[in-house]
$ cat input21.cif   # mmCIF, C-alpha atoms
data_my_file
loop_
_atom_site.label_atom_id
_atom_site.label_comp_id
_atom_site.auth_asym_id
_atom_site.auth_seq_id
_atom_site.Cartn_x
_atom_site.Cartn_y
_atom_site.Cartn_z
CA MET A 6 106.26 115.25 110.00
CA SER A 7 107.40 112.49 107.64
CA ILE A 8 108.74 109.45 109.43
CA LEU A 9 109.17 107.37 106.26
CA GLU A 10 110.77 108.72 103.10
CA VAL A 11 111.08 106.56 99.98
CA ASN A 12 113.17 108.14 97.23
CA ASN A 13 113.54 106.73 93.70
CA LEU A 14 113.27 103.14 94.91
CA GLY A 15 114.20 100.56 92.31
CA LYS A 16 114.46 96.78 92.38
CA ILE A 17 115.74 94.51 89.62
CA TYR A 18 115.72 90.74 89.99
CA THR A 19 118.32 88.92 87.93
CA SER A 20 118.31 85.20 87.17
CA ARG A 21 121.15 83.11 88.56
CA LEU A 22 122.98 83.07 85.24
CA GLY A 23 122.24 86.73 84.60
CA GLY A 24 120.25 86.11 81.44
CA ASN A 25 116.88 87.44 82.57
CA LYS A 26 116.16 90.66 84.41
CA VAL A 27 112.82 91.71 85.91
CA GLU A 28 112.32 95.31 87.01
CA ALA A 29 109.97 94.94 89.97
CA LEU A 30 110.12 98.59 91.09
CA LYS A 31 110.86 101.68 88.99
CA SER A 32 111.88 104.89 90.78
CA VAL A 33 109.07 104.83 93.37
CA SER A 34 108.97 107.88 95.66
CA PHE A 35 106.56 108.75 98.47
CA SER A 36 106.51 109.73 102.13
CA VAL A 37 104.42 108.69 105.12
CA GLU A 38 103.58 111.10 107.90
CA LYS A 39 103.64 110.16 111.57
CA GLY A 40 100.20 108.80 112.50
CA GLU A 41 99.12 108.10 108.92
CA TYR A 42 97.19 104.99 107.89
CA VAL A 43 98.17 104.10 104.32
CA ALA A 44 96.98 101.22 102.16
CA ILE A 45 98.85 99.99 99.08
CA MET A 46 96.93 98.23 96.32
CA GLY A 47 97.80 96.72 92.93
CA GLU A 48 97.53 93.57 90.88
CA SER A 49 99.61 90.49 91.68
CA GLY A 50 103.08 91.13 90.31
CA SER A 51 102.69 94.92 90.45
CA GLY A 52 105.59 95.28 92.89
CA LYS A 53 103.69 96.14 96.08
CA THR A 54 104.94 93.13 98.06
CA THR A 55 108.50 93.72 96.83
CA MET A 56 108.24 97.27 98.12
CA LEU A 57 106.88 96.13 101.48
CA ASN A 58 109.74 93.63 101.83
CA ILE A 59 112.28 96.39 101.18
CA LEU A 60 110.60 98.68 103.72
CA ALA A 61 110.71 95.78 106.19
CA ALA A 62 114.44 95.30 105.54
CA LEU A 63 113.69 91.76 104.35
CA ASP A 64 114.99 92.54 100.84
CA ARG A 65 117.55 94.98 99.46
CA ALA A 66 116.77 97.67 96.91
CA THR A 67 118.80 97.84 93.70
CA SER A 68 118.67 101.63 93.78
CA GLY A 69 117.15 104.47 95.74
CA GLN A 70 116.80 105.28 99.40
CA VAL A 71 114.49 104.41 102.30
CA MET A 72 114.67 106.60 105.40
CA LEU A 73 112.81 105.69 108.59
CA GLU A 74 113.16 108.29 111.34
CA GLY A 75 116.51 109.32 109.90
CA ASN A 76 117.83 105.76 109.54
CA GLU A 77 118.68 104.77 105.99
CA ILE A 78 117.32 101.22 105.88
CA THR A 79 119.12 100.44 102.65
CA LYS A 80 122.50 100.92 104.34
CA ILE A 81 121.99 99.12 107.65
CA LYS A 82 124.53 96.33 108.07
CA GLU A 83 123.20 92.79 107.84
CA SER A 84 124.31 92.11 111.43
CA LYS A 85 122.15 94.99 112.70
CA LEU A 86 118.99 94.36 110.68
CA ALA A 87 117.26 91.97 113.10
CA GLU A 88 117.70 94.43 115.97
CA PHE A 89 116.46 97.29 113.78
CA ARG A 90 113.31 95.36 112.83
CA ARG A 91 112.56 94.49 116.47
CA ASN A 92 113.00 98.07 117.64
CA LYS A 93 111.37 100.01 114.82
CA LEU A 94 108.92 97.76 112.97
CA GLY A 95 105.80 95.81 113.84
CA PHE A 96 104.62 93.07 111.46
CA VAL A 97 101.15 91.65 110.79
CA PHE A 98 100.98 88.87 108.18
CA GLN A 99 98.17 87.08 106.38
CA ASP A 100 99.12 83.70 107.87
CA PHE A 101 99.74 85.15 111.37
CA ASN A 102 103.32 83.73 111.65
CA LEU A 103 102.75 82.51 115.20
CA LEU A 104 104.82 79.66 116.64
CA ASP A 105 102.55 76.67 117.36
CA THR A 106 104.84 75.42 120.16
CA PHE A 107 104.44 78.73 122.02
CA THR A 108 101.32 79.94 123.82
CA LEU A 109 99.77 83.17 122.60
CA LYS A 110 101.40 84.89 125.55
CA ASP A 111 104.86 83.62 124.62
CA ASN A 112 104.33 84.56 120.97
CA ILE A 113 103.32 88.10 121.92
CA LEU A 114 106.21 88.53 124.35
CA LEU A 115 108.91 87.13 122.06
CA PRO A 116 110.02 90.53 120.64
CA LEU A 117 110.39 91.94 124.19
CA VAL A 118 112.35 88.89 125.35
CA LEU A 119 114.67 89.22 122.36
CA ASN A 120 115.13 92.90 123.21
CA GLY A 121 116.13 91.99 126.78
CA LYS A 122 113.27 93.82 128.50
CA SER A 123 112.76 93.29 132.23
CA ALA A 124 110.03 90.96 133.50
CA LYS A 125 108.21 93.89 135.14
CA ASN A 126 108.01 95.87 131.88
CA ILE A 127 106.99 92.76 129.98
CA ASP A 128 104.07 91.97 132.29
CA GLU A 129 102.83 95.57 132.32
CA ASN A 130 102.92 95.82 128.53
CA LEU A 131 101.19 92.48 128.04
CA GLU A 132 98.40 93.26 130.50
CA GLU A 133 97.52 96.53 128.81
CA ILE A 134 97.66 95.32 125.20
CA ALA A 135 95.90 91.98 125.77
CA GLY A 136 93.09 93.85 127.51
CA LYS A 137 92.68 96.33 124.65
CA LEU A 138 92.62 93.55 122.05
CA GLY A 139 90.25 91.32 124.00
CA ILE A 140 92.54 88.27 124.30
CA LYS A 141 93.34 88.39 128.00
CA GLU A 142 91.54 85.10 128.67
CA LEU A 143 93.31 83.36 125.77
CA LEU A 144 96.94 84.05 126.62
CA ASN A 145 97.71 80.53 127.86
CA LYS A 146 96.19 78.85 124.81
CA TYR A 147 98.20 77.72 121.78
CA PRO A 148 97.56 79.13 118.29
CA TYR A 149 95.92 75.90 117.10
CA GLU A 150 93.41 76.13 119.97
CA VAL A 151 91.91 79.48 118.94
CA SER A 152 90.14 80.91 115.87
CA GLY A 153 91.77 82.70 112.97
CA GLY A 154 90.49 86.04 114.22
CA GLN A 155 91.92 85.39 117.68
CA ARG A 156 95.26 84.37 116.19
CA GLN A 157 95.36 87.60 114.23
CA ARG A 158 94.59 89.57 117.42
CA ALA A 159 97.60 87.90 119.01
CA ALA A 160 99.69 88.78 115.95
CA VAL A 161 98.59 92.42 116.27
CA ALA A 162 99.48 92.35 119.98
CA ARG A 163 102.94 91.02 119.10
CA ALA A 164 103.32 93.79 116.50
CA VAL A 165 102.44 96.67 118.84
CA ILE A 166 103.99 95.48 122.09
CA THR A 167 107.38 96.97 121.22
CA ASP A 168 105.76 100.37 120.46
CA PRO A 169 107.06 100.32 116.87
CA THR A 170 107.61 103.38 114.70
CA ILE A 171 105.43 101.82 112.01
CA ILE A 172 103.28 98.71 111.57
CA LEU A 173 103.74 96.93 108.24
CA ALA A 174 100.76 94.71 107.41
CA ASP A 175 100.81 92.25 104.49
CA GLU A 176 97.28 91.15 103.48
CA PRO A 177 96.23 91.07 107.16
CA THR A 178 92.59 90.18 106.40
CA GLY A 179 93.38 87.57 103.73
CA ALA A 180 92.81 84.52 105.95
CA LEU A 181 89.90 85.92 107.97
CA ASP A 182 86.14 85.55 107.67
CA SER A 183 83.93 88.63 107.35
CA LYS A 184 83.32 89.10 111.10
CA SER A 185 87.01 88.70 111.99
CA THR A 186 87.94 91.07 109.16
CA ASP A 187 85.66 93.77 110.57
CA GLU A 188 87.10 93.25 114.04
CA LEU A 189 90.69 93.52 112.77
CA LEU A 190 89.95 96.67 110.77
CA ASP A 191 88.27 98.18 113.84
CA MET A 192 91.44 97.39 115.82
CA PHE A 193 93.62 99.05 113.19
CA GLU A 194 91.42 102.15 113.30
CA THR A 195 91.71 102.27 117.09
CA LEU A 196 95.49 101.84 116.95
CA ASN A 197 95.76 104.55 114.30
CA ALA A 198 93.55 106.89 116.32
CA SER A 199 96.01 106.49 119.21
CA GLY A 200 98.83 107.70 116.94
CA GLN A 201 100.17 104.45 115.50
CA THR A 202 101.43 104.71 111.91
CA ILE A 203 100.24 101.83 109.69
CA LEU A 204 101.25 100.82 106.17
CA MET A 205 99.13 97.98 104.78
CA VAL A 206 99.39 96.02 101.52
CA THR A 207 96.00 94.59 100.58
CA HIS A 208 93.88 93.26 97.73
CA SER A 209 90.74 94.02 99.73
CA THR A 210 88.81 97.15 98.77
CA LYS A 211 86.96 96.87 102.07
CA ALA A 212 90.23 96.90 104.05
CA ALA A 213 91.70 99.74 102.01
CA SER A 214 88.54 101.83 102.47
CA ARG A 215 89.39 102.19 106.17
CA ALA A 216 92.75 103.86 105.44
CA GLY A 217 93.39 107.58 105.25
CA ARG A 218 95.26 107.27 101.97
CA VAL A 219 95.40 104.59 99.28
CA MET A 220 98.35 104.24 96.88
CA PHE A 221 98.02 102.19 93.70
CA ILE A 222 101.05 100.42 92.24
CA LYS A 223 101.11 99.36 88.58
CA ASP A 224 104.02 97.67 86.79
CA GLY A 225 106.43 98.70 89.52
CA GLU A 226 105.43 102.37 89.53
CA LEU A 227 103.25 104.58 91.72
CA PHE A 228 100.18 104.95 89.48
CA HIS A 229 97.74 106.97 91.58
CA GLN A 230 96.83 108.03 95.12
CA ILE A 231 93.56 108.94 96.78
CA TYR A 232 93.06 110.65 100.13
CA ARG A 233 90.18 110.20 102.55
CA GLY A 234 89.64 113.82 103.45
CA ASN A 235 86.08 113.94 104.82
CA SER A 236 84.95 110.84 102.91
CA THR A 237 83.03 108.10 104.69
CA ASN A 238 84.12 104.46 104.40
CA ASP A 239 81.44 103.91 101.75
CA GLU A 240 82.65 106.90 99.75
CA MET A 241 86.25 105.68 100.02
CA TYR A 242 85.11 102.26 98.85
CA ARG A 243 83.58 103.80 95.71
CA LYS A 244 86.69 105.93 95.04
CA ILE A 245 88.91 102.86 95.35
CA THR A 246 86.64 100.81 93.09
CA ASP A 247 86.75 103.55 90.44
CA SER A 248 90.54 103.78 90.66
CA LEU A 249 90.94 100.01 90.42
CA THR A 250 88.76 99.99 87.30
CA VAL A 251 91.07 102.52 85.66
CA LEU A 252 94.11 100.60 86.87
CA LEU A 253 92.88 97.29 85.46
CA THR A 254 91.62 98.69 82.15
CA GLY A 255 94.79 100.62 81.47
CA GLY A 256 93.21 104.07 81.28
CA ASP A 257 94.59 107.33 82.55
CA ASN A 258 93.51 108.47 85.99
CA ASN A 259 93.02 112.20 85.98
CA GLU A 260 91.54 112.66 89.44
#
$ encode --input "input21.cif" --output "structure tokens"
Amino acid sequence: MSILEVNNLGKIYTSRLGGNKVEALKSVSFSVEKGEYVAIMGESGSGKTTMLNILAALDRATSGQVMLEGNEITKIKESKLAEFRRNKLGFVFQDFNLLDTFTLKDNILLPLVLNGKSAKNIDENLEEIAGKLGIKELLNKYPYEVSGGQRQRAAVARAVITDPTIILADEPTGALDSKSTDELLDMFETLNASGQTILMVTHSTKAASRAGRVMFIKDGELFHQIYRGNSTNDEMYRKITDSLTVLLTGGDNNE
């Protein structure tokens, strides 16, 4: 069952005086099934981050439609967007986006507090998620007191604690070392195996090779897709590398 439907999505940026127009997205259409793990790749300026921002209701499309569980994101009133994001979306960013004046615990619990959840539900949710992500002993520390990998674990905990419809990840491994990257990708696999839907924008072939499907964006358009099927991570890595070569050299991909 599709939980996300993107239909003919277009985005045009216009300069303040209206003289210059940049078409960042051109009639992009795709769907994401419940429980899918999808990676989006493309060169800088290809439109992938613009698309993610529209899916996250952080930017407005110029044309087209985005449906998430029957809600048309493109038509949600500005006054309702923050509540929609808290209830439906989980975010994982490259730079973690944790508040340095809050402990890891307070950072993780912030979405629940904003949603007005009871203290009992909050404590139960935190206990379970912190245990799964291996940060139970770090909850009273501040972001600047822990490693990048541990900060990203806290960011993942914050993303999943509201039981979101979909996790949107923007270059989640970009600020991590190799060991922390492997740990984060293992966590994403575990979350996905439990039924969590994940949509990740990444430049990393290694990160994308863990996904079940990889979409390639070029010049604002959906250029190509590959599916895992029965492929191993190494086989996915090679498929992605081959597709990126075609993407960067401007050839036609006939797979």
$ resolve_selection --input "input21.cif" --expression "the PyMOL selection byres ((chain A and resi 61-73) around 8)" --output "MDAnalysis selection string"
chainID A and resid 8:17 32 55 57:60 74:79 86 90 94 173
$ closest_residue --input "input21.cif" --among "A:Phe35, A:Phe96, A:Tyr232, A:Tyr42" --to "Ala174 (chain A)" --atoms "all atoms listed in the file"
A:Phe96
$ resolve_selection --input "input21.cif" --expression "the PyMOL selection byres ((chain A and resi 221-227) around 10)" --output "tab-separated table (two decimals) with C-alpha atoms, in the frame of the given file"
chain	number	residue	atom	x	y	z
A	14	LEU	CA	113.27	103.14	94.91
A	15	GLY	CA	114.20	100.56	92.31
A	16	LYS	CA	114.46	96.78	92.38
A	28	GLU	CA	112.32	95.31	87.01
A	29	ALA	CA	109.97	94.94	89.97
A	30	LEU	CA	110.12	98.59	91.09
A	31	LYS	CA	110.86	101.68	88.99
A	32	SER	CA	111.88	104.89	90.78
A	33	VAL	CA	109.07	104.83	93.37
A	34	SER	CA	108.97	107.88	95.66
A	35	PHE	CA	106.56	108.75	98.47
A	44	ALA	CA	96.98	101.22	102.16
A	45	ILE	CA	98.85	99.99	99.08
A	46	MET	CA	96.93	98.23	96.32
A	47	GLY	CA	97.80	96.72	92.93
A	48	GLU	CA	97.53	93.57	90.88
A	49	SER	CA	99.61	90.49	91.68
A	50	GLY	CA	103.08	91.13	90.31
A	51	SER	CA	102.69	94.92	90.45
A	52	GLY	CA	105.59	95.28	92.89
A	53	LYS	CA	103.69	96.14	96.08
A	55	THR	CA	108.50	93.72	96.83
A	56	MET	CA	108.24	97.27	98.12
A	219	VAL	CA	95.40	104.59	99.28
A	220	MET	CA	98.35	104.24	96.88
A	228	PHE	CA	100.18	104.95	89.48
A	229	HIS	CA	97.74	106.97	91.58
A	230	GLN	CA	96.83	108.03	95.12
A	231	ILE	CA	93.56	108.94	96.78
A	245	ILE	CA	88.91	102.86	95.35
A	248	SER	CA	90.54	103.78	90.66
A	249	LEU	CA	90.94	100.01	90.42
A	252	LEU	CA	94.11	100.60	86.87
A	253	LEU	CA	92.88	97.29	85.46
A	255	GLY	CA	94.79	100.62	81.47
$ closest_residue --input "input21.cif" --among "A:Arg91, A:Lys82, A:Lys26, A:Lys137" --to "Ser199 (chain A)" --atoms "only C-alpha atoms"
A:Lys137
$ residues_around --input "input21.cif" --residues "Gly139 (chain A)" --least-positions-apart "3" --cutoff "12 Å" --atoms "only C-alpha atoms" --output "CSV table (one decimal) with C-alpha atoms, in the coordinates of the input"
chain,number,residue,atom,x,y,z
A,131,LEU,CA,101.2,92.5,128.0
A,132,GLU,CA,98.4,93.3,130.5
A,133,GLU,CA,97.5,96.5,128.8
A,134,ILE,CA,97.7,95.3,125.2
A,135,ALA,CA,95.9,92.0,125.8
A,136,GLY,CA,93.1,93.8,127.5
A,142,GLU,CA,91.5,85.1,128.7
A,143,LEU,CA,93.3,83.4,125.8
A,144,LEU,CA,96.9,84.0,126.6
A,154,GLY,CA,90.5,86.0,114.2
A,155,GLN,CA,91.9,85.4,117.7
A,156,ARG,CA,95.3,84.4,116.2
A,157,GLN,CA,95.4,87.6,114.2
A,158,ARG,CA,94.6,89.6,117.4
A,159,ALA,CA,97.6,87.9,119.0
A,161,VAL,CA,98.6,92.4,116.3
A,162,ALA,CA,99.5,92.4,120.0
A,188,GLU,CA,87.1,93.2,114.0
A,189,LEU,CA,90.7,93.5,112.8
A,192,MET,CA,91.4,97.4,115.8
$ atom_distance --input "input21.cif" --atom1 "CA of Glu83 (chain A)" --atom2 "CA of Pro116 (chain A)"
18.5 Å
$ atom_distance --input "input21.cif" --atom1 "CA of Leu138 (chain A)" --atom2 "CA of Leu119 (chain A)"
22.5 Å
$ closest_residue --input "input21.cif" --among "A:Asn120, A:Ser7, A:Arg163, A:Ala198" --to "Ala87 (chain A)" --atoms "all atoms listed in the file"
A:Asn120
$ residues_around --input "input21.cif" --residues "Asn102 (chain A)" --least-positions-apart "4" --cutoff "9 Å" --atoms "all atoms listed in the file" --output "ChimeraX atom specification"
/A:97-98,160
$ atom_distance --input "input21.cif" --atom1 "CA of Tyr149 (chain A)" --atom2 "CA of Ser183 (chain A)"
20.0 Å
$ closest_residue --input "input21.cif" --among "A:Ser152, A:Thr186, A:Ser20, A:Asn145" --to "Thr108 (chain A)" --atoms "only C-alpha atoms"
A:Asn145
$ resolve_selection --input "input21.cif" --expression "the PyMOL selection byres ((chain A and resi 99) around 6)" --output "list in words"
Phe98, Asp100, Phe101, Glu176, Pro177, Gly179 and Ala180 of chain A
$ closest_residue --input "input21.cif" --among "A:Val251, A:Thr167, A:Asn92, A:Glu150" --to "Thr106 (chain A)" --atoms "only C-alpha atoms"
A:Glu150
$ closest_residue --input "input21.cif" --among "A:Thr19, A:Ser36, A:Asn112, A:Thr202" --to "Gly95 (chain A)" --atoms "all atoms listed in the file"
A:Thr202
$ decode --input "input21.cif" --residues "region 121-140 of chain A" --atoms "N, CA and C atoms" --output "compact mmCIF listing (two decimals), in the first residue's frame"
# COMPACT_ATOMS: atom_id res chain seq x y z
N GLY A 121 1.97 17.35 23.70
CA GLY A 121 1.14 17.28 24.91
C GLY A 121 0.95 15.88 25.45
N LYS A 122 1.92 14.98 25.22
CA LYS A 122 1.80 13.61 25.73
C LYS A 122 1.97 13.59 27.25
N SER A 123 1.37 12.60 27.88
CA SER A 123 1.46 12.48 29.34
C SER A 123 2.84 12.02 29.75
N ALA A 124 3.22 12.33 30.99
CA ALA A 124 4.54 11.96 31.51
C ALA A 124 4.74 10.45 31.49
N LYS A 125 3.69 9.69 31.77
CA LYS A 125 3.79 8.23 31.78
C LYS A 125 4.16 7.70 30.39
N ASN A 126 3.44 8.18 29.36
CA ASN A 126 3.72 7.75 28.00
C ASN A 126 5.11 8.16 27.55
N ILE A 127 5.51 9.36 27.98
CA ILE A 127 6.82 9.87 27.60
C ILE A 127 7.92 8.97 28.16
N ASP A 128 7.85 8.65 29.44
CA ASP A 128 8.88 7.82 30.07
C ASP A 128 8.95 6.43 29.46
N GLU A 129 7.79 5.85 29.18
CA GLU A 129 7.75 4.51 28.58
C GLU A 129 8.39 4.50 27.20
N ASN A 130 8.05 5.50 26.39
CA ASN A 130 8.59 5.58 25.04
C ASN A 130 10.10 5.78 25.07
N LEU A 131 10.55 6.67 25.95
CA LEU A 131 11.98 6.98 26.03
C LEU A 131 12.78 5.75 26.45
N GLU A 132 12.29 5.04 27.45
CA GLU A 132 12.99 3.86 27.97
C GLU A 132 13.22 2.83 26.87
N GLU A 133 12.18 2.56 26.11
CA GLU A 133 12.25 1.54 25.06
C GLU A 133 13.19 1.96 23.94
N ILE A 134 13.06 3.17 23.46
CA ILE A 134 13.85 3.62 22.30
C ILE A 134 15.31 3.83 22.67
N ALA A 135 15.57 4.43 23.83
CA ALA A 135 16.96 4.65 24.25
C ALA A 135 17.69 3.32 24.43
N GLY A 136 16.97 2.31 24.91
CA GLY A 136 17.56 0.99 25.07
C GLY A 136 17.92 0.38 23.73
N LYS A 137 17.01 0.47 22.76
CA LYS A 137 17.25 -0.10 21.44
C LYS A 137 18.44 0.58 20.74
N LEU A 138 18.58 1.89 20.95
CA LEU A 138 19.62 2.64 20.25
C LEU A 138 20.92 2.74 21.05
N GLY A 139 20.95 2.12 22.23
CA GLY A 139 22.19 2.06 23.00
C GLY A 139 22.65 3.39 23.58
N ILE A 140 21.71 4.25 23.95
CA ILE A 140 22.10 5.56 24.52
C ILE A 140 21.48 5.78 25.90
